[in-house]
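Shown next: structure_11.txt, given as compact mmCIF, C-alpha atoms.
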```txt
# COMPACT_ATOMS: atom_id res chain seq x y z
CA MET A 1 -10.94 54.54 43.41
CA LYS A 2 -14.35 53.03 42.70
CA LEU A 3 -14.12 54.30 39.17
CA THR A 4 -10.75 52.59 38.64
CA ALA A 5 -12.12 49.30 39.96
CA ALA A 6 -15.13 49.55 37.65
CA PHE A 7 -12.89 50.39 34.73
CA ILE A 8 -10.63 47.44 35.41
CA SER A 9 -13.55 45.03 35.73
CA ILE A 10 -15.06 46.27 32.46
CA PHE A 11 -11.71 45.88 30.77
CA LEU A 12 -11.34 42.33 32.15
CA LEU A 13 -14.84 41.44 31.01
CA ALA A 14 -14.06 42.68 27.52
CA VAL A 15 -10.85 40.63 27.40
CA ILE A 16 -12.69 37.49 28.56
CA LEU A 17 -15.47 38.00 26.03
CA LEU A 18 -13.01 38.52 23.22
CA ALA A 19 -11.01 35.47 24.24
CA SER A 20 -14.08 33.27 24.45
CA CYS A 21 -15.16 34.54 21.05
CA GLU A 22 -11.86 33.44 19.55
CA ASN A 23 -12.18 30.19 21.44
CA ASP A 24 -15.52 29.40 19.85
CA GLN A 25 -13.95 29.74 16.42
CA SER A 26 -10.94 27.65 17.26
CA ILE A 27 -13.11 25.04 18.98
CA GLU A 28 -15.23 24.81 15.82
CA PHE A 29 -12.09 24.45 13.74
CA LYS A 30 -10.62 21.78 16.00
CA ARG A 31 -13.86 19.85 16.05
CA TYR A 32 -14.10 19.82 12.25
CA TYR A 33 -10.40 19.11 11.85
CA SER A 34 -10.15 16.15 14.22
CA SER A 35 -13.34 14.51 12.91
CA GLY A 36 -12.08 15.21 9.39
CA ALA A 37 -8.85 13.36 10.09
CA LEU A 38 -10.91 10.23 10.82
CA VAL A 39 -13.01 10.64 7.67
CA TYR A 40 -9.78 11.07 5.69
CA GLN A 41 -8.29 7.89 7.15
CA THR A 42 -11.32 5.77 6.33
CA ARG A 43 -12.43 7.29 3.03
CA CYS A 44 -9.50 9.03 1.31
CA GLN A 45 -6.17 7.76 2.59
CA ASN A 46 -6.05 4.47 0.63
CA CYS A 47 -5.78 6.41 -2.60
CA HIS A 48 -4.35 9.78 -1.60
CA ASP A 49 -1.88 8.39 0.99
CA ALA A 50 -1.41 9.42 4.61
CA ASN A 51 0.81 12.32 3.57
CA GLY A 52 -1.48 13.45 0.73
CA GLY A 53 1.06 12.37 -1.86
CA GLY A 54 -1.31 10.38 -4.11
CA LEU A 55 0.14 7.57 -6.22
CA ALA A 56 2.55 8.18 -9.09
CA ALA A 57 0.64 9.41 -12.18
CA LEU A 58 -2.52 7.51 -11.21
CA ILE A 59 -3.83 9.44 -8.21
CA PRO A 60 -3.16 13.17 -7.79
CA PRO A 61 -1.62 14.57 -4.61
CA LEU A 62 -3.50 16.98 -2.32
CA THR A 63 -0.44 19.14 -1.87
CA ASP A 64 -1.21 21.60 -4.69
CA THR A 65 -2.23 24.51 -2.45
CA ALA A 66 -3.14 26.73 -5.40
CA TYR A 67 -5.50 24.13 -6.89
CA LEU A 68 -7.41 23.63 -3.64
CA LYS A 69 -7.58 27.37 -3.02
CA ASN A 70 -8.80 28.21 -6.53
CA ASN A 71 -11.38 25.43 -6.54
CA ARG A 72 -12.53 25.78 -2.93
CA SER A 73 -16.21 26.16 -3.81
CA ARG A 74 -16.12 23.04 -6.02
CA LEU A 75 -14.33 20.69 -3.60
CA ALA A 76 -17.50 19.46 -1.85
CA CYS A 77 -19.01 18.49 -5.22
CA TYR A 78 -15.79 16.73 -6.31
CA VAL A 79 -15.63 14.63 -3.16
CA LYS A 80 -19.33 13.78 -3.08
CA PHE A 81 -19.96 13.07 -6.77
CA GLY A 82 -16.50 12.07 -7.96
CA LEU A 83 -14.30 13.60 -10.62
CA LYS A 84 -13.57 12.64 -14.23
CA GLY A 85 -11.41 14.05 -16.98
CA LYS A 86 -8.05 15.77 -17.22
CA LEU A 87 -6.59 17.60 -14.25
CA SER A 88 -3.36 19.51 -13.90
CA ILE A 89 -1.98 19.23 -10.37
CA ASN A 90 1.45 20.57 -9.45
CA GLY A 91 2.08 20.87 -13.19
CA ARG A 92 1.40 17.17 -13.78
CA GLU A 93 -1.49 15.77 -15.82
CA PHE A 94 -3.94 13.29 -14.32
CA ASP A 95 -6.69 11.55 -16.25
CA ASP A 96 -8.27 8.86 -14.07
CA GLU A 97 -11.61 8.78 -12.39
CA MET A 98 -12.26 9.49 -8.73
CA GLN A 99 -15.23 7.55 -7.35
CA ALA A 100 -18.19 9.27 -5.71
CA ASN A 101 -18.20 9.25 -1.91
CA ASP A 102 -21.45 9.01 -0.03
CA LEU A 103 -20.70 11.55 2.70
CA THR A 104 -23.06 13.85 4.59
CA PRO A 105 -22.56 17.65 4.34
CA GLN A 106 -21.16 17.51 7.88
CA GLN A 107 -18.62 14.82 6.95
CA LEU A 108 -17.70 16.76 3.80
CA ALA A 109 -17.10 19.87 5.88
CA GLN A 110 -14.97 17.91 8.31
CA VAL A 111 -12.82 16.23 5.69
CA LEU A 112 -12.40 19.43 3.66
CA THR A 113 -11.33 21.27 6.81
CA TYR A 114 -8.80 18.52 7.43
CA ILE A 115 -7.43 18.41 3.87
CA GLY A 116 -7.66 22.20 3.58
CA ASN A 117 -5.37 22.66 6.56
CA THR A 118 -2.95 19.76 6.12
CA PHE A 119 -0.35 18.92 3.43
CA GLY A 120 0.67 22.60 3.28
CA ASN A 121 -2.87 23.91 2.67
CA LYS A 122 -4.30 26.85 4.65
CA LEU A 123 -7.98 27.14 3.80
CA GLY A 124 -9.25 27.66 7.35
CA THR A 125 -12.55 26.15 8.46
CA VAL A 126 -14.83 24.85 5.73
CA ASN A 127 -18.08 24.63 7.68
CA GLU A 128 -21.29 22.77 7.05
CA GLN A 129 -23.17 25.87 5.85
CA GLU A 130 -20.51 26.58 3.24
CA VAL A 131 -20.62 22.95 2.05
CA ALA A 132 -24.42 22.94 1.88
CA ALA A 133 -24.33 26.10 -0.23
CA ASP A 134 -21.61 24.72 -2.53
CA LEU A 135 -23.56 21.50 -3.05
CA GLN A 136 -26.38 23.54 -4.63
CA HIS A 137 -24.10 24.32 -7.56
CA CYS A 138 -22.68 20.91 -8.43
CA GLN A 139 -22.48 20.31 -12.16
CA MET B 25 44.75 -2.95 29.07
CA LYS B 26 41.61 -4.02 30.91
CA LYS B 27 39.64 -1.54 28.88
CA LEU B 28 41.09 -2.91 25.67
CA ALA B 29 40.18 -6.47 26.67
CA LEU B 30 36.67 -5.39 27.52
CA ALA B 31 36.33 -3.61 24.19
CA ALA B 32 37.60 -6.70 22.34
CA CYS B 33 35.11 -8.79 24.28
CA VAL B 34 32.21 -6.52 23.34
CA VAL B 35 33.21 -6.45 19.69
CA THR B 36 33.49 -10.24 19.60
CA ILE B 37 30.10 -10.77 21.20
CA TRP B 38 28.49 -8.18 18.97
CA SER B 39 29.92 -9.62 15.79
CA ALA B 40 28.98 -13.11 16.91
CA CYS B 41 25.39 -11.99 17.34
CA LYS B 42 25.42 -10.29 13.98
CA PHE B 43 26.94 -13.34 12.33
CA ASN B 44 24.35 -15.61 13.91
CA SER B 45 21.38 -13.54 12.90
CA ASN B 46 22.54 -13.40 9.30
CA ASP B 47 23.52 -17.00 9.11
CA LYS B 48 20.67 -18.76 10.82
CA LYS B 49 17.71 -16.92 9.38
CA ILE B 50 15.90 -19.46 7.22
CA LEU B 51 12.44 -18.71 5.92
CA PRO B 52 9.73 -21.32 6.49
CA ILE B 53 8.40 -23.37 3.59
CA TYR B 54 4.61 -23.17 3.36
CA GLY B 55 2.04 -25.49 1.84
CA SER B 56 1.34 -29.18 2.15
CA ARG B 57 4.21 -31.64 1.98
CA LYS B 58 4.61 -35.29 1.14
CA THR B 59 7.42 -37.69 1.74
CA ALA B 60 8.83 -39.95 -0.88
CA THR B 61 11.14 -42.85 -0.27
CA ARG B 62 13.65 -44.01 -2.80
CA VAL B 63 16.41 -46.54 -2.78
CA VAL B 64 19.90 -45.19 -3.39
CA ASN B 65 22.76 -47.71 -3.46
CA GLY B 66 20.75 -50.23 -1.48
CA LYS B 67 19.81 -47.73 1.24
CA THR B 68 16.32 -46.32 1.66
CA GLU B 69 16.24 -42.50 1.73
CA THR B 70 13.29 -40.29 2.56
CA ASP B 71 12.75 -37.01 0.72
CA THR B 72 10.33 -34.27 1.61
CA ILE B 73 8.40 -33.00 -1.39
CA TYR B 74 7.08 -29.50 -0.87
CA GLN B 75 4.05 -27.97 -2.50
CA THR B 76 5.07 -25.83 -5.47
CA ILE B 77 3.29 -23.39 -7.76
CA PRO B 78 2.00 -25.50 -10.69
CA LYS B 79 2.11 -24.73 -14.41
CA PHE B 80 0.36 -21.55 -15.52
CA LYS B 81 -0.01 -19.35 -18.56
CA PHE B 82 -0.98 -15.68 -18.54
CA VAL B 83 -0.37 -12.60 -20.72
CA ASN B 84 1.60 -9.60 -19.44
CA GLN B 85 1.18 -5.85 -20.06
CA TYR B 86 3.32 -6.10 -23.22
CA GLY B 87 1.08 -8.82 -24.68
CA ASP B 88 3.78 -11.47 -24.09
CA SER B 89 2.83 -14.92 -22.95
CA ILE B 90 4.13 -15.62 -19.42
CA THR B 91 4.32 -19.16 -18.07
CA ASN B 92 5.78 -20.82 -14.99
CA LYS B 93 8.92 -21.37 -17.13
CA SER B 94 9.34 -17.58 -17.47
CA LEU B 95 10.05 -17.57 -13.71
CA ASP B 96 12.67 -20.35 -13.73
CA GLY B 97 15.62 -19.29 -11.59
CA ASP B 98 13.75 -16.28 -10.19
CA ILE B 99 12.55 -15.31 -6.76
CA TYR B 100 9.20 -13.62 -7.17
CA VAL B 101 6.31 -11.95 -5.38
CA ALA B 102 2.70 -12.49 -6.50
CA ASP B 103 -0.39 -10.44 -5.72
CA PHE B 104 -4.00 -10.07 -6.91
CA PHE B 105 -5.61 -6.73 -7.79
CA PHE B 106 -7.66 -4.86 -10.41
CA THR B 107 -6.91 -1.47 -11.92
CA SER B 108 -10.28 0.12 -11.10
CA CYS B 109 -10.08 -0.94 -7.44
CA PRO B 110 -10.71 2.08 -5.25
CA SER B 111 -10.01 0.47 -1.89
CA ILE B 112 -6.82 -1.39 -1.01
CA CYS B 113 -5.12 -1.72 -4.40
CA PRO B 114 -3.57 1.78 -4.42
CA VAL B 115 -2.08 1.05 -0.99
CA MET B 116 -0.75 -2.33 -2.11
CA HIS B 117 0.89 -0.92 -5.20
CA ARG B 118 2.24 2.13 -3.39
CA ASN B 119 4.01 -0.40 -1.14
CA MET B 120 4.92 -2.68 -4.06
CA LEU B 121 6.59 0.28 -5.81
CA LYS B 122 9.08 0.30 -2.94
CA VAL B 123 9.80 -3.39 -3.56
CA TYR B 124 10.10 -2.72 -7.30
CA ASN B 125 12.50 0.18 -6.78
CA THR B 126 14.62 -1.91 -4.40
CA PHE B 127 15.03 -4.87 -6.76
CA LYS B 128 14.38 -3.56 -10.29
CA ASN B 129 18.04 -3.83 -11.25
CA VAL B 130 18.42 -7.36 -9.87
CA GLY B 131 18.30 -10.06 -12.55
CA ASP B 132 16.71 -12.89 -10.58
CA PHE B 133 13.69 -11.11 -9.11
CA LYS B 134 10.18 -10.51 -10.47
CA ILE B 135 6.77 -9.25 -9.39
CA LEU B 136 3.56 -10.80 -10.77
CA SER B 137 0.39 -8.78 -10.27
CA HIS B 138 -2.63 -10.80 -11.44
CA THR B 139 -5.78 -8.91 -12.33
CA ILE B 140 -8.96 -10.48 -10.94
CA ASP B 141 -11.05 -8.37 -13.36
CA PRO B 142 -9.76 -9.57 -16.76
CA LYS B 143 -12.86 -8.30 -18.54
CA HIS B 144 -11.97 -4.67 -17.81
CA ASP B 145 -8.22 -5.05 -17.40
CA SER B 146 -7.19 -5.85 -20.97
CA VAL B 147 -3.54 -5.80 -22.04
CA PRO B 148 -3.69 -2.08 -23.07
CA VAL B 149 -5.39 -1.17 -19.77
CA LEU B 150 -2.66 -2.99 -17.84
CA LYS B 151 0.05 -1.30 -19.95
CA ARG B 152 -1.44 2.11 -19.25
CA TYR B 153 -1.62 1.30 -15.53
CA ALA B 154 2.04 0.16 -15.50
CA ASP B 155 3.10 3.29 -17.39
CA LYS B 156 1.31 5.54 -14.93
CA LEU B 157 2.90 3.74 -11.99
CA GLY B 158 6.26 4.38 -13.63
CA VAL B 159 6.96 0.68 -14.19
CA THR B 160 9.15 -0.18 -17.18
CA GLY B 161 11.16 -3.23 -18.27
CA ASN B 162 10.53 -6.81 -17.22
CA THR B 163 10.79 -6.80 -13.43
CA TRP B 164 7.09 -6.19 -12.72
CA TRP B 165 4.55 -8.00 -14.87
CA PHE B 166 0.82 -7.26 -14.78
CA LEU B 167 -0.89 -10.49 -15.79
CA GLN B 168 -4.21 -11.10 -17.44
CA GLY B 169 -5.81 -14.52 -17.97
CA LYS B 170 -9.09 -16.33 -17.68
CA LYS B 171 -10.82 -15.36 -14.46
CA ASP B 172 -11.18 -19.05 -13.55
CA SER B 173 -7.47 -19.78 -13.93
CA THR B 174 -6.52 -16.74 -11.86
CA TYR B 175 -8.91 -17.59 -9.04
CA LYS B 176 -7.91 -21.24 -9.14
CA ILE B 177 -4.18 -20.61 -8.82
CA ALA B 178 -4.87 -17.96 -6.17
CA GLN B 179 -7.04 -20.12 -3.96
CA ASN B 180 -5.43 -23.51 -4.52
CA ASN B 181 -1.83 -22.41 -4.52
CA TYR B 182 -0.67 -18.89 -3.63
CA LEU B 183 -3.16 -18.25 -0.87
CA VAL B 184 -2.99 -21.69 0.73
CA ALA B 185 -0.28 -20.30 2.96
CA VAL B 186 -2.46 -17.32 3.88
CA SER B 187 -5.36 -19.52 4.95
CA GLN B 188 -2.92 -21.58 7.03
CA ASP B 189 -1.81 -18.43 8.80
CA SER B 190 -5.03 -16.51 9.04
CA THR B 191 -8.13 -17.01 11.12
CA ALA B 192 -10.21 -14.80 8.84
CA ALA B 193 -12.83 -16.68 6.86
CA GLY B 194 -12.58 -16.62 3.06
CA GLY B 195 -12.10 -13.66 0.77
CA TYR B 196 -8.31 -14.00 0.61
CA VAL B 197 -8.12 -13.33 -3.10
CA HIS B 198 -8.97 -9.69 -2.64
CA ALA B 199 -7.36 -9.26 0.75
CA GLY B 200 -4.16 -7.57 -0.38
CA TYR B 201 -1.65 -10.32 0.32
CA PHE B 202 1.85 -10.46 -1.16
CA ILE B 203 3.13 -14.02 -1.63
CA LEU B 204 6.88 -14.64 -1.71
CA VAL B 205 7.97 -17.58 -3.89
CA ASP B 206 11.50 -18.99 -4.07
CA LYS B 207 13.49 -20.26 -7.07
CA GLN B 208 11.99 -23.73 -6.59
CA LYS B 209 8.48 -22.22 -6.75
CA ARG B 210 7.85 -22.95 -3.07
CA ILE B 211 5.99 -20.39 -0.95
CA ARG B 212 8.34 -18.84 1.60
CA GLY B 213 6.30 -15.98 3.05
CA THR B 214 2.97 -14.16 3.02
CA TYR B 215 2.60 -10.48 3.88
CA ASP B 216 -0.20 -7.96 4.24
CA GLY B 217 0.52 -5.76 1.23
CA THR B 218 -1.35 -2.85 2.79
CA ASP B 219 1.00 -2.69 5.80
CA PRO B 220 4.28 -0.85 5.10
CA LYS B 221 5.99 -2.64 8.03
CA GLN B 222 5.16 -6.10 6.66
CA VAL B 223 6.32 -5.01 3.22
CA ASP B 224 9.64 -3.87 4.73
CA GLN B 225 9.89 -7.33 6.30
CA MET B 226 9.27 -8.87 2.88
CA ILE B 227 12.09 -6.80 1.38
CA ALA B 228 14.39 -8.14 4.11
CA ASP B 229 13.16 -11.70 3.48
CA ILE B 230 13.80 -11.39 -0.27
CA LYS B 231 17.40 -10.48 0.56
CA THR B 232 17.56 -13.53 2.85
CA LEU B 233 16.31 -15.73 0.00
CA GLN B 234 18.83 -14.24 -2.41
CA ALA B 235 21.58 -15.15 0.03
CA GLU B 236 20.27 -18.70 0.51
CA PRO B 237 23.06 -21.09 -0.44
CA ASP B 238 22.56 -23.40 -3.40
CA GLU B 239 22.68 -26.63 -1.38
CA ASN B 240 19.66 -25.45 0.59
CA ILE B 241 17.89 -24.73 -2.65
CA ALA B 242 18.54 -28.09 -4.26
CA GLN B 243 15.91 -30.65 -3.42
```

How would this structure read if it were set down as structure tokens?
Amino acid sequence: MKLTAAFISIFLLAVILLASCENDQSIEFKRYYSSGALVYQTRCQNCHDANGGGLAALIPPLTDTAYLKNNRSRLACYVKFGLKGKLSINGREFDDEMQANDLTPQQLAQVLTYIGNTFGNKLGTVNEQEVAADLQHCQ
Amino acid sequence: MKKLALAACVVTIWSACKFNSNDKKILPIYGSRKTATRVVNGKTETDTIYQTIPKFKFVNQYGDSITNKSLDGDIYVADFFFTSCPSICPVMHRNMLKVYNTFKNVGDFKILSHTIDPKHDSVPVLKRYADKLGVTGNTWWFLQGKKDSTYKIAQNNYLVAVSQDSTAAGGYVHAGYFILVDKQKRIRGTYDGTDPKQVDQMIADIKTLQAEPDENIAQ
């Protein structure tokens, strides 16, 4: 009887620990995501639109999930230092300049988590450590 | 029978309301106004003279010269922007595209977008911008001129109505306003071009202006 009780309590403890573990991750994600939505509204939305659609052939959309996925490690550099030259997004050519954005690594992580998990994208959390590392390799 | 009468009643009231709202909607006329008296057949008559958009001359994205005469008989919307503007201009022109697409096949409607950075926004730059927006034909003109003339007509004429309506101090030229001008070149509405709801209102007001009977138009 005592053994069963001990077993059950250990099992419960394990479940709680596991759940709280998952919670930490999802709390981190939610924190980045909701702050990122605000950064997006104030710094990105004018050009890229609330639904990520961009503007005609002038401003590319953020709905090309393959592009964001394939360039994940370059996104922080693009946002922070701007982007020039030809781009092919959703099979369409773009050739205008994106301005640099003076954002902290934390804000970059937040906004990339937001963009990376909205408009059909599924990049998961882009955290501050990842952004800091990516920023070392900007060209 | 009672039900039928009730239904008839409801329909009558509803259509009366609908009729009223369509019929009585008249847009205000903005700007300063003067009165002039004249003698017609021995009687003194008083006319109201409204402020109108004065003579102007700019160049459009095709390199054609555009003057106030090019707008004779047209309802038009004017705004002020520059192609390299990273802040509100993309929002304004995203909203203006909706206006363009609504009225591009209507003969008596135009859009005039004046660049406030004529040094950078040359005719080829404006043409490229129009092309990339998907704007063709002669409904939407992107106008370049001397910076002074653009600012002067903006502040002294188009945006007079904005400063009448707004409590914000200065800076109207780059504040994203759309100005609605009627066939007599009188200002009939000002809208925040960055707000999709106000732009929808402007589309409705343009339709109201189009339906304005000729006797109201004649001064």

Checklist entry - How far is it from CA of Leu75 in chain A to CA of Gly36 in chain A, in Å with one decimal? => result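 Straight-line distance from CA of Leu75 in chain A to CA of Gly36 in chain A works out to 14.3 Å.
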
Next on the checklist: Could you work out which residues of chain A fall inside 9 Å of chain B? Count all atoms listed in the file, and format the result as a list of chain:residue names.
Outcome noted: A:Arg43, A:Gln45, A:Asn46, A:Cys47, A:His48, A:Asp49, A:Gly54, A:Leu55, A:Ala56, A:Ala57, A:Leu58, A:Ile59, A:Glu97, A:Met98, A:Gln99

Next on the checklist: Which residues are close to range 125-135 of chain A, i.e. within 8 Å by all atoms listed in the file, leaving aside same-chain residues fewer than 4 positions away? Reply as a ChimeraX atom specification.
Outcome noted: /A:28-29,32,73-74,76-77,105-106,108-110,112-113,116

Would you save the residues of that selection, restricted to C-alpha atoms, as a PDB file, keeping the file's coordinate frame?
```pdb
ATOM      1  CA  GLU A  28     -15.230  24.810  15.820  1.00  0.00           C
ATOM      2  CA  PHE A  29     -12.090  24.450  13.740  1.00  0.00           C
ATOM      3  CA  TYR A  32     -14.100  19.820  12.250  1.00  0.00           C
ATOM      4  CA  SER A  73     -16.210  26.160  -3.810  1.00  0.00           C
ATOM      5  CA  ARG A  74     -16.120  23.040  -6.020  1.00  0.00           C
ATOM      6  CA  ALA A  76     -17.500  19.460  -1.850  1.00  0.00           C
ATOM      7  CA  CYS A  77     -19.010  18.490  -5.220  1.00  0.00           C
ATOM      8  CA  PRO A 105     -22.560  17.650   4.340  1.00  0.00           C
ATOM      9  CA  GLN A 106     -21.160  17.510   7.880  1.00  0.00           C
ATOM     10  CA  LEU A 108     -17.700  16.760   3.800  1.00  0.00           C
ATOM     11  CA  ALA A 109     -17.100  19.870   5.880  1.00  0.00           C
ATOM     12  CA  GLN A 110     -14.970  17.910   8.310  1.00  0.00           C
ATOM     13  CA  LEU A 112     -12.400  19.430   3.660  1.00  0.00           C
ATOM     14  CA  THR A 113     -11.330  21.270   6.810  1.00  0.00           C
ATOM     15  CA  GLY A 116      -7.660  22.200   3.580  1.00  0.00           C
TER      16      GLY A 116
END
```

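Picture a line from CA of Thr59 in chain B to CA of Thr72 in chain B; it runs 4.5 Å.
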
Which neighbours of Lys209 in chain B fall inside 10 Å, counting all atoms listed in the file, when residues of the same chain fewer than 2 positions from it are skipped, and could you give them as a PDB file with C-alpha atoms, in the frame of the given file?
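So the final result, stored in part29.pdb, reads:
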```
ATOM      1  CA  TYR B  74       7.080 -29.500  -0.870  1.00  0.00           C
ATOM      2  CA  GLN B  75       4.050 -27.970  -2.500  1.00  0.00           C
ATOM      3  CA  THR B  76       5.070 -25.830  -5.470  1.00  0.00           C
ATOM      4  CA  ILE B  77       3.290 -23.390  -7.760  1.00  0.00           C
ATOM      5  CA  PRO B  78       2.000 -25.500 -10.690  1.00  0.00           C
ATOM      6  CA  ASN B  92       5.780 -20.820 -14.990  1.00  0.00           C
ATOM      7  CA  LEU B  95      10.050 -17.570 -13.710  1.00  0.00           C
ATOM      8  CA  ASP B  96      12.670 -20.350 -13.730  1.00  0.00           C
ATOM      9  CA  GLY B  97      15.620 -19.290 -11.590  1.00  0.00           C
ATOM     10  CA  ASP B  98      13.750 -16.280 -10.190  1.00  0.00           C
ATOM     11  CA  ILE B  99      12.550 -15.310  -6.760  1.00  0.00           C
ATOM     12  CA  TYR B 100       9.200 -13.620  -7.170  1.00  0.00           C
ATOM     13  CA  LEU B 204       6.880 -14.640  -1.710  1.00  0.00           C
ATOM     14  CA  VAL B 205       7.970 -17.580  -3.890  1.00  0.00           C
ATOM     15  CA  ASP B 206      11.500 -18.990  -4.070  1.00  0.00           C
ATOM     16  CA  LYS B 207      13.490 -20.260  -7.070  1.00  0.00           C
ATOM     17  CA  ILE B 211       5.990 -20.390  -0.950  1.00  0.00           C
ATOM     18  CA  ARG B 212       8.340 -18.840   1.600  1.00  0.00           C
TER      19      ARG B 212
END
```

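Residue neighbourhood of Gly87 in chain B, excluding near-sequence residues (fewer than 3 positions): Phe82, Val83, Asn84, Ile90, Ser146, Val147, Pro148, Val149, Leu150, Lys151, Trp165, Phe166, Leu167, Gln168 and Gly169 of chain B, at 12 Å, using all atoms listed in the file.
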
Residue selection dump (C-alpha atoms) as a tab-separated table (two decimals), in the coordinates of the input:
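Writing the result to again.tsv gives the following:
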```
chain	number	residue	atom	x	y	z
B	82	PHE	CA	-0.98	-15.68	-18.54
B	83	VAL	CA	-0.37	-12.60	-20.72
B	84	ASN	CA	1.60	-9.60	-19.44
B	90	ILE	CA	4.13	-15.62	-19.42
B	146	SER	CA	-7.19	-5.85	-20.97
B	147	VAL	CA	-3.54	-5.80	-22.04
B	148	PRO	CA	-3.69	-2.08	-23.07
B	149	VAL	CA	-5.39	-1.17	-19.77
B	150	LEU	CA	-2.66	-2.99	-17.84
B	151	LYS	CA	0.05	-1.30	-19.95
B	165	TRP	CA	4.55	-8.00	-14.87
B	166	PHE	CA	0.82	-7.26	-14.78
B	167	LEU	CA	-0.89	-10.49	-15.79
B	168	GLN	CA	-4.21	-11.10	-17.44
B	169	GLY	CA	-5.81	-14.52	-17.97
```

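The space between CA of Thr42 in chain A and CA of Asp224 in chain B spans 23.1 Å.
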
Item to check | Residues near Met226 in chain B, cut-off 9 Å, all atoms listed in the file, skip fewer than 4 positions along chain, as an MDAnalysis selection string | outcome: chainID B and resid 123 202 204 213:215 221:222 230:231

Checklist entry - Nearest to Thr107 in chain B: which of B:Asp141, B:Ser94, B:Lys134, B:Ile203 is it, counting all atoms listed in the file? => result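 Counting all atoms listed in the file, the residue closest to Thr107 in chain B is B:Asp141.
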
Checklist entry - Given the choices B:Val223, B:Leu233, B:Ala228, B:Ala102, which gets closest to Leu183 in chain B if the distance is worked out from only C-alpha atoms? => result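 Ranked by minimum distance to Leu183 in chain B, first place goes to B:Ala102.
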
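Nearest residue to Leu62 in chain A, choosing from A:Phe119, A:Tyr33, A:Tyr40, A:Phe7 and counting all atoms listed in the file: A:Phe119.
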
Checklist entry - For Asn90 in chain A, which of A:Tyr67, A:Tyr114, A:Tyr78, A:Phe11 is the closest residue, counting only C-alpha atoms? => result A:Tyr67

Give me the residues within 9 Å of Asp102 in chain A as a compact mmCIF listing (two decimals) with C-alpha atoms, keeping the file's coordinate frame, counting only C-alpha atoms and dropping any in the same chain fewer than 3 places off.
```
# COMPACT_ATOMS: atom_id res chain seq x y z
CA VAL A 79 -15.63 14.63 -3.16
CA LYS A 80 -19.33 13.78 -3.08
CA PHE A 81 -19.96 13.07 -6.77
```

Checklist entry - In terms of the shortest atom-to-atom distance over all atoms listed in the file, which of A:Leu12, A:Ala50, A:Gly82, A:Leu87 is closest to Leu38 in chain A? => result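 With all atoms listed in the file as the atom set, the closest residue is A:Ala50.
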
Would you fill out range 16-27 of chain A with N, CA and C atoms and return it as a PDB file, keeping the file's coordinate frame?
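Saved the output as out.pdb:
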```
ATOM      1  N   ILE A  16     -12.147  38.858  28.458  1.00  0.00           N
ATOM      2  CA  ILE A  16     -12.690  37.490  28.560  1.00  0.00           C
ATOM      3  C   ILE A  16     -13.647  37.198  27.406  1.00  0.00           C
ATOM      4  N   LEU A  17     -14.501  38.183  27.115  1.00  0.00           N
ATOM      5  CA  LEU A  17     -15.470  38.000  26.030  1.00  0.00           C
ATOM      6  C   LEU A  17     -14.768  37.773  24.693  1.00  0.00           C
ATOM      7  N   LEU A  18     -13.757  38.606  24.466  1.00  0.00           N
ATOM      8  CA  LEU A  18     -13.010  38.520  23.220  1.00  0.00           C
ATOM      9  C   LEU A  18     -12.331  37.159  23.094  1.00  0.00           C
ATOM     10  N   ALA A  19     -11.739  36.741  24.232  1.00  0.00           N
ATOM     11  CA  ALA A  19     -11.010  35.470  24.240  1.00  0.00           C
ATOM     12  C   ALA A  19     -11.969  34.311  23.980  1.00  0.00           C
ATOM     13  N   SER A  20     -13.145  34.378  24.611  1.00  0.00           N
ATOM     14  CA  SER A  20     -14.080  33.270  24.450  1.00  0.00           C
ATOM     15  C   SER A  20     -14.636  33.240  23.032  1.00  0.00           C
ATOM     16  N   CYS A  21     -14.754  34.426  22.438  1.00  0.00           N
ATOM     17  CA  CYS A  21     -15.160  34.540  21.050  1.00  0.00           C
ATOM     18  C   CYS A  21     -14.193  33.786  20.155  1.00  0.00           C
ATOM     19  N   GLU A  22     -12.916  34.092  20.318  1.00  0.00           N
ATOM     20  CA  GLU A  22     -11.860  33.440  19.550  1.00  0.00           C
ATOM     21  C   GLU A  22     -11.891  31.943  19.802  1.00  0.00           C
ATOM     22  N   ASN A  23     -12.134  31.585  21.060  1.00  0.00           N
ATOM     23  CA  ASN A  23     -12.180  30.190  21.440  1.00  0.00           C
ATOM     24  C   ASN A  23     -13.255  29.425  20.692  1.00  0.00           C
ATOM     25  N   ASP A  24     -14.436  30.062  20.567  1.00  0.00           N
ATOM     26  CA  ASP A  24     -15.520  29.400  19.850  1.00  0.00           C
ATOM     27  C   ASP A  24     -15.089  29.026  18.449  1.00  0.00           C
ATOM     28  N   GLN A  25     -14.410  29.986  17.789  1.00  0.00           N
ATOM     29  CA  GLN A  25     -13.950  29.740  16.420  1.00  0.00           C
ATOM     30  C   GLN A  25     -12.933  28.615  16.381  1.00  0.00           C
ATOM     31  N   SER A  26     -11.983  28.661  17.323  1.00  0.00           N
ATOM     32  CA  SER A  26     -10.940  27.650  17.260  1.00  0.00           C
ATOM     33  C   SER A  26     -11.471  26.293  17.716  1.00  0.00           C
ATOM     34  N   ILE A  27     -12.485  26.312  18.593  1.00  0.00           N
ATOM     35  CA  ILE A  27     -13.110  25.040  18.980  1.00  0.00           C
ATOM     36  C   ILE A  27     -13.831  24.442  17.773  1.00  0.00           C
TER      37      ILE A  27
END
```
